[in-house]
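J.: Pasting input15.csv below, which is CSV, C-alpha atoms and all ligand atoms.
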chain,number,residue,atom,x,y,z
A,1,MET,CA,-29.3,32.4,-24.6
A,2,THR,CA,-27.2,35.0,-22.9
A,3,PHE,CA,-23.5,34.5,-22.4
A,4,LEU,CA,-24.0,34.3,-18.6
A,5,THR,CA,-26.6,31.5,-18.9
A,6,LYS,CA,-24.3,29.5,-21.2
A,7,THR,CA,-21.5,29.9,-18.7
A,8,ARG,CA,-23.7,28.8,-15.8
A,9,ILE,CA,-24.7,25.6,-17.8
A,10,ALA,CA,-21.1,24.9,-18.6
A,11,CYS,CA,-20.1,25.3,-14.9
A,12,ALA,CA,-23.0,23.0,-13.8
A,13,ALA,CA,-21.9,20.4,-16.4
A,14,SER,CA,-18.3,20.4,-15.3
A,15,ALA,CA,-19.3,20.3,-11.6
A,16,LEU,CA,-21.4,17.2,-12.4
A,17,ALA,CA,-18.5,15.6,-14.2
A,18,LEU,CA,-16.2,16.2,-11.3
A,19,PHE,CA,-18.8,14.8,-8.9
A,20,THR,CA,-19.1,11.7,-11.0
A,21,ALA,CA,-15.4,11.2,-11.2
A,22,GLN,CA,-15.0,11.6,-7.4
A,23,ALA,CA,-17.9,9.1,-6.8
A,24,ALA,CA,-16.2,6.5,-9.1
A,25,LEU,CA,-12.9,7.1,-7.3
A,26,ALA,CA,-14.5,6.7,-3.9
A,27,ASP,CA,-15.6,3.1,-4.8
A,28,ALA,CA,-12.0,2.0,-4.9
A,29,THR,CA,-10.2,3.7,-2.1
A,30,VAL,CA,-8.2,1.7,0.5
A,31,ALA,CA,-7.1,3.4,3.7
A,32,VAL,CA,-3.7,2.0,4.7
A,33,SER,CA,-2.1,2.3,8.1
A,34,LEU,CA,1.6,1.8,8.6
A,35,TRP,CA,2.2,1.1,12.3
A,36,ASP,CA,4.8,-0.1,14.8
A,37,LYS,CA,5.1,-0.6,18.5
A,38,GLY,CA,7.6,2.0,19.2
A,39,PRO,CA,11.3,3.0,18.6
A,40,ASP,CA,12.7,-0.5,19.4
A,41,SER,CA,10.3,-2.3,17.1
A,42,LEU,CA,12.8,-3.6,14.6
A,43,MET,CA,13.7,-7.2,15.3
A,44,MET,CA,16.7,-8.1,13.1
A,45,ASP,CA,17.6,-11.3,14.9
A,46,ASP,CA,18.8,-14.5,13.2
A,47,ALA,CA,15.4,-16.1,13.2
A,48,HIS,CA,13.9,-13.2,11.3
A,49,MET,CA,16.8,-12.7,9.0
A,50,MET,CA,16.5,-16.4,7.9
A,51,LYS,CA,13.0,-15.8,6.6
A,52,MET,CA,14.1,-13.3,3.9
A,53,GLY,CA,11.3,-12.8,1.4
A,54,LYS,CA,9.0,-15.5,2.8
A,55,MET,CA,5.4,-14.4,3.3
A,56,ASP,CA,4.8,-16.2,6.6
A,57,SER,CA,1.5,-15.1,8.1
A,58,ALA,CA,2.9,-15.7,11.6
A,59,ASP,CA,5.1,-12.7,11.1
A,60,MET,CA,2.2,-10.6,10.0
A,61,SER,CA,0.2,-11.5,13.2
A,62,THR,CA,3.0,-11.4,15.7
A,63,GLY,CA,5.2,-8.7,14.2
A,64,THR,CA,6.1,-5.5,16.1
A,65,MET,CA,5.3,-3.5,13.0
A,66,GLY,CA,2.8,-4.0,10.2
A,67,ILE,CA,0.4,-2.8,7.6
A,68,SER,CA,-3.4,-2.6,8.2
A,69,VAL,CA,-6.0,-1.9,5.5
A,70,ASP,CA,-9.7,-0.9,6.0
A,71,GLN,CA,-10.7,-3.4,3.3
A,72,ALA,CA,-8.7,-6.4,1.9
A,73,SER,CA,-11.1,-7.1,-1.0
A,74,ILE,CA,-11.7,-4.5,-3.7
A,75,ALA,CA,-13.1,-4.2,-7.2
A,76,ALA,CA,-10.8,-4.2,-10.2
A,77,GLY,CA,-9.9,-0.9,-11.9
A,78,LYS,CA,-8.4,2.2,-10.5
A,79,VAL,CA,-7.5,1.8,-6.9
A,80,THR,CA,-6.3,4.6,-4.7
A,81,PHE,CA,-4.3,3.8,-1.5
A,82,ASN,CA,-4.5,6.6,1.0
A,83,VAL,CA,-1.5,5.8,3.2
A,84,THR,CA,-0.8,7.1,6.7
A,85,ASN,CA,2.3,6.5,8.7
A,86,ASP,CA,0.9,6.0,12.1
A,87,SER,CA,4.3,5.5,13.7
A,88,LYS,CA,5.6,8.1,16.2
A,89,ASP,CA,9.2,7.2,15.6
A,90,ILE,CA,10.0,5.3,12.4
A,91,ILE,CA,9.9,6.1,8.7
A,92,HIS,CA,7.8,3.7,6.7
A,93,GLU,CA,6.6,3.3,3.1
A,94,MET,CA,4.2,1.2,1.1
A,95,LEU,CA,4.8,-0.6,-2.2
A,96,VAL,CA,2.3,-2.6,-4.2
A,97,ALA,CA,3.3,-5.8,-6.1
A,98,PRO,CA,1.4,-8.6,-7.8
A,99,VAL,CA,1.5,-12.1,-6.3
A,100,SER,CA,0.8,-15.1,-8.4
A,101,ALA,CA,-1.2,-18.1,-7.4
A,102,GLY,CA,0.7,-20.3,-4.9
A,103,GLN,CA,3.5,-17.7,-4.5
A,104,VAL,CA,4.7,-17.6,-0.9
A,105,GLU,CA,7.9,-15.7,-1.3
A,106,LEU,CA,9.1,-12.4,-2.7
A,107,PRO,CA,12.5,-12.0,-4.3
A,108,TYR,CA,14.8,-10.8,-1.6
A,109,ASP,CA,18.1,-9.0,-1.5
A,110,PRO,CA,19.9,-10.3,1.7
A,111,THR,CA,22.7,-7.8,1.4
A,112,LYS,CA,20.3,-4.9,1.6
A,113,ASN,CA,17.9,-6.8,3.9
A,114,ARG,CA,14.9,-5.9,1.8
A,115,VAL,CA,12.7,-7.1,-1.0
A,116,ASP,CA,14.2,-6.8,-4.5
A,117,GLU,CA,11.7,-4.3,-5.8
A,118,GLU,CA,12.4,-4.8,-9.5
A,119,GLY,CA,12.3,-8.5,-9.1
A,120,ALA,CA,9.0,-8.3,-7.3
A,121,LYS,CA,7.7,-6.2,-10.3
A,122,TYR,CA,6.3,-3.6,-8.0
A,123,LEU,CA,3.6,-1.3,-9.5
A,124,GLY,CA,4.0,1.8,-7.5
A,125,GLU,CA,4.9,3.1,-4.1
A,126,VAL,CA,4.4,5.8,-1.5
A,127,SER,CA,8.0,6.1,-0.4
A,128,GLU,CA,9.5,7.1,2.9
A,129,LEU,CA,6.8,8.8,4.9
A,130,ASP,CA,7.9,10.5,8.1
A,131,PRO,CA,6.0,9.6,11.2
A,132,GLY,CA,2.5,11.1,11.0
A,133,GLN,CA,2.8,11.9,7.3
A,134,THR,CA,0.3,10.8,4.6
A,135,GLY,CA,0.6,10.0,0.9
A,136,SER,CA,-1.4,8.4,-1.8
A,137,LEU,CA,-1.0,6.1,-4.8
A,138,THR,CA,-3.4,5.3,-7.6
A,139,VAL,CA,-2.8,2.2,-9.6
A,140,ASP,CA,-4.9,0.3,-12.2
A,141,LEU,CA,-5.4,-3.3,-10.8
A,142,THR,CA,-6.7,-6.3,-12.7
A,143,PRO,CA,-8.2,-9.2,-10.7
A,144,GLY,CA,-5.7,-11.1,-8.6
A,145,THR,CA,-3.7,-11.0,-5.4
A,146,TYR,CA,-1.4,-8.2,-4.4
A,147,VAL,CA,1.0,-7.6,-1.6
A,148,LEU,CA,1.4,-4.3,0.1
A,149,PHE,CA,4.7,-4.1,1.9
A,150,CYS,CA,7.2,-1.7,3.5
A,151,ASN,CA,10.7,-1.9,2.1
A,152,ILE,CA,12.7,0.0,4.6
A,153,PRO,CA,15.5,-2.5,5.5
A,154,GLY,CA,14.3,-5.2,7.9
A,155,HIS,CA,10.7,-4.1,7.9
A,156,PHE,CA,9.3,-6.8,5.6
A,157,ILE,CA,10.8,-9.7,7.6
A,158,ASP,CA,9.4,-8.0,10.7
A,159,GLY,CA,5.9,-8.5,9.4
A,160,MET,CA,5.3,-5.3,7.5
A,161,TRP,CA,3.2,-6.6,4.7
A,162,THR,CA,-0.4,-7.7,3.9
A,163,LEU,CA,-2.3,-9.3,1.1
A,164,ILE,CA,-5.3,-7.8,-0.7
A,165,THR,CA,-7.6,-9.4,-3.3
A,166,VAL,CA,-8.8,-7.6,-6.3
A,167,ASN,CA,-12.0,-9.0,-7.8
B,201,CU,CU,8.3,0.1,7.6
Transcribe the structure of this file into structure tokens.
T.:
Amino acid sequence: MTFLTKTRIACAASALALFTAQAALADATVAVSLWDKGPDSLMMDDAHMMKMGKMDSADMSTGTMGISVDQASIAAGKVTFNVTNDSKDIIHEMLVAPVSAGQVELPYDPTKNRVDEEGAKYLGEVSELDPGQTGSLTVDLTPGTYVLFCNIPGHFIDGMWTLITVN
């Protein structure tokens, strides 16, 4: 076997390995959109402030900002979140934290008006994306429920969170 042939075989093998790795990754990719309804979207009124860390689905459906995913149910293992800030005006971010069965509230820091990240045992984040910017995060997820949320002050209580299920 010539050196050149050996090199070609090695290249083909590594190309195949790369292809396999990408195919495996593609199975667990979630497209995440961070959105809002314009520069005046933030609603820091008393009714919202009172809710603190409560995961009230009414806020999620009526909020002026939110998080949308292309699939809310995914297979356990390595999961890559490809996050786009679709806002034209506001910085957003995305954190991932586990939610236990029956849990309807995240620990909240009212002085900072945001979720207590350490208390929520967050697993990772794509922090502070400018409008139009993208970022990605890969985490190893075991079966269960997880919350994706934005922790820019006031955004969580304005409905900027969503739940996903890992099977
Ligand atoms: Cu936000």
J.: Between A:Val115, A:Leu148, A:Met52, A:Leu129, which has the minimum distance to Asp86 (chain A) (counting all atoms listed in the file)?
T.: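 Looking at the shortest contact to Asp86 (chain A), the residue is A:Leu129.
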J.: Between A:Gly66, A:Gly38, A:Pro143, A:Gly102, which is the closest to Asp158 (chain A) once you count all atoms listed in the file?
T.: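 Of A:Gly66, A:Gly38, A:Pro143, A:Gly102, the one nearest Asp158 (chain A) is A:Gly66, counting all atoms listed in the file.
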J.: List the residues sitting within 10 Å of (0.9, -8.5, 10.4) in the file's frame, using only C-alpha atoms, as a list in words.
T.: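 The requested residues, written out, are Trp35, Asp56, Ser57, Ala58, Asp59, Met60, Ser61, Thr62, Gly63, Thr64, Met65, Gly66, Ile67, Ser68, Phe156, Asp158, Gly159, Met160, Trp161, Thr162 and Leu163 of chain A.
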J.: Around the point (-11.1, -4.4, -0.3), in the coordinates given by the file, pick out the residues reaching within 9 Å, counting only C-alpha atoms, and return them as a ChimeraX atom specification.
T.: /A:28-30,69-75,164-167
J.: I'd like the neighbourhood of region 140-142 of chain A as a PDB file with C-alpha atoms, keeping the file's coordinate frame, where a residue qualifies if any of its atoms comes within 7 Å (using only C-alpha atoms), though same-chain residues fewer than 6 positions away should be ignored.
T.:
ATOM      1  CA  ALA A  76     -10.800  -4.200 -10.200  1.00  0.00           C
ATOM      2  CA  GLY A  77      -9.900  -0.900 -11.900  1.00  0.00           C
ATOM      3  CA  LYS A  78      -8.400   2.200 -10.500  1.00  0.00           C
ATOM      4  CA  VAL A  79      -7.500   1.800  -6.900  1.00  0.00           C
ATOM      5  CA  VAL A 166      -8.800  -7.600  -6.300  1.00  0.00           C
TER       6      VAL A 166
END
J.: Would you tabulate, counting all atoms listed in the file, all residues of chain A that have an atom at most 6 Å from an atom of ligand CU 201 (chain B), showing the closest pair of atoms and their distance in Å to one decimal, sorted by chain then ascending number, as CSV?
T.:
residue,atom,partner,partner_atom,distance
A:His92,CA,B:CU201,CU,3.7
A:Glu93,CA,B:CU201,CU,5.8
A:Cys150,CA,B:CU201,CU,4.6
A:Ile152,CA,B:CU201,CU,5.3
A:His155,CA,B:CU201,CU,4.8
J.: Store the residues of this selection in a file with C-alpha atoms, as a CSV table (one decimal), in the coordinates of the input.
T.:
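Writing done, so here's result-v2.csv:
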chain,number,residue,atom,x,y,z
A,92,HIS,CA,7.8,3.7,6.7
A,93,GLU,CA,6.6,3.3,3.1
A,150,CYS,CA,7.2,-1.7,3.5
A,152,ILE,CA,12.7,0.0,4.6
A,155,HIS,CA,10.7,-4.1,7.9
J.: Would you please work out which residue, of A:Leu106, A:Asp89, A:Gly124, A:Asp130, is nearest to Gly53 (chain A) when using only C-alpha atoms?
T.: A:Leu106
J.: Rounded to one decimal, what separation in Å do you get between CA of Val126 (chain A) and CA of Ala101 (chain A)?
T.: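 Separation between CA of Val126 (chain A) and CA of Ala101 (chain A): 25.2 Å.
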J.: One decimal, in Å: what's the spacing between CA of Gln103 (chain A) and CA of Gly119 (chain A)?
T.: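 If I compute the distance from CA of Gln103 (chain A) to CA of Gly119 (chain A), I get 13.5 Å.
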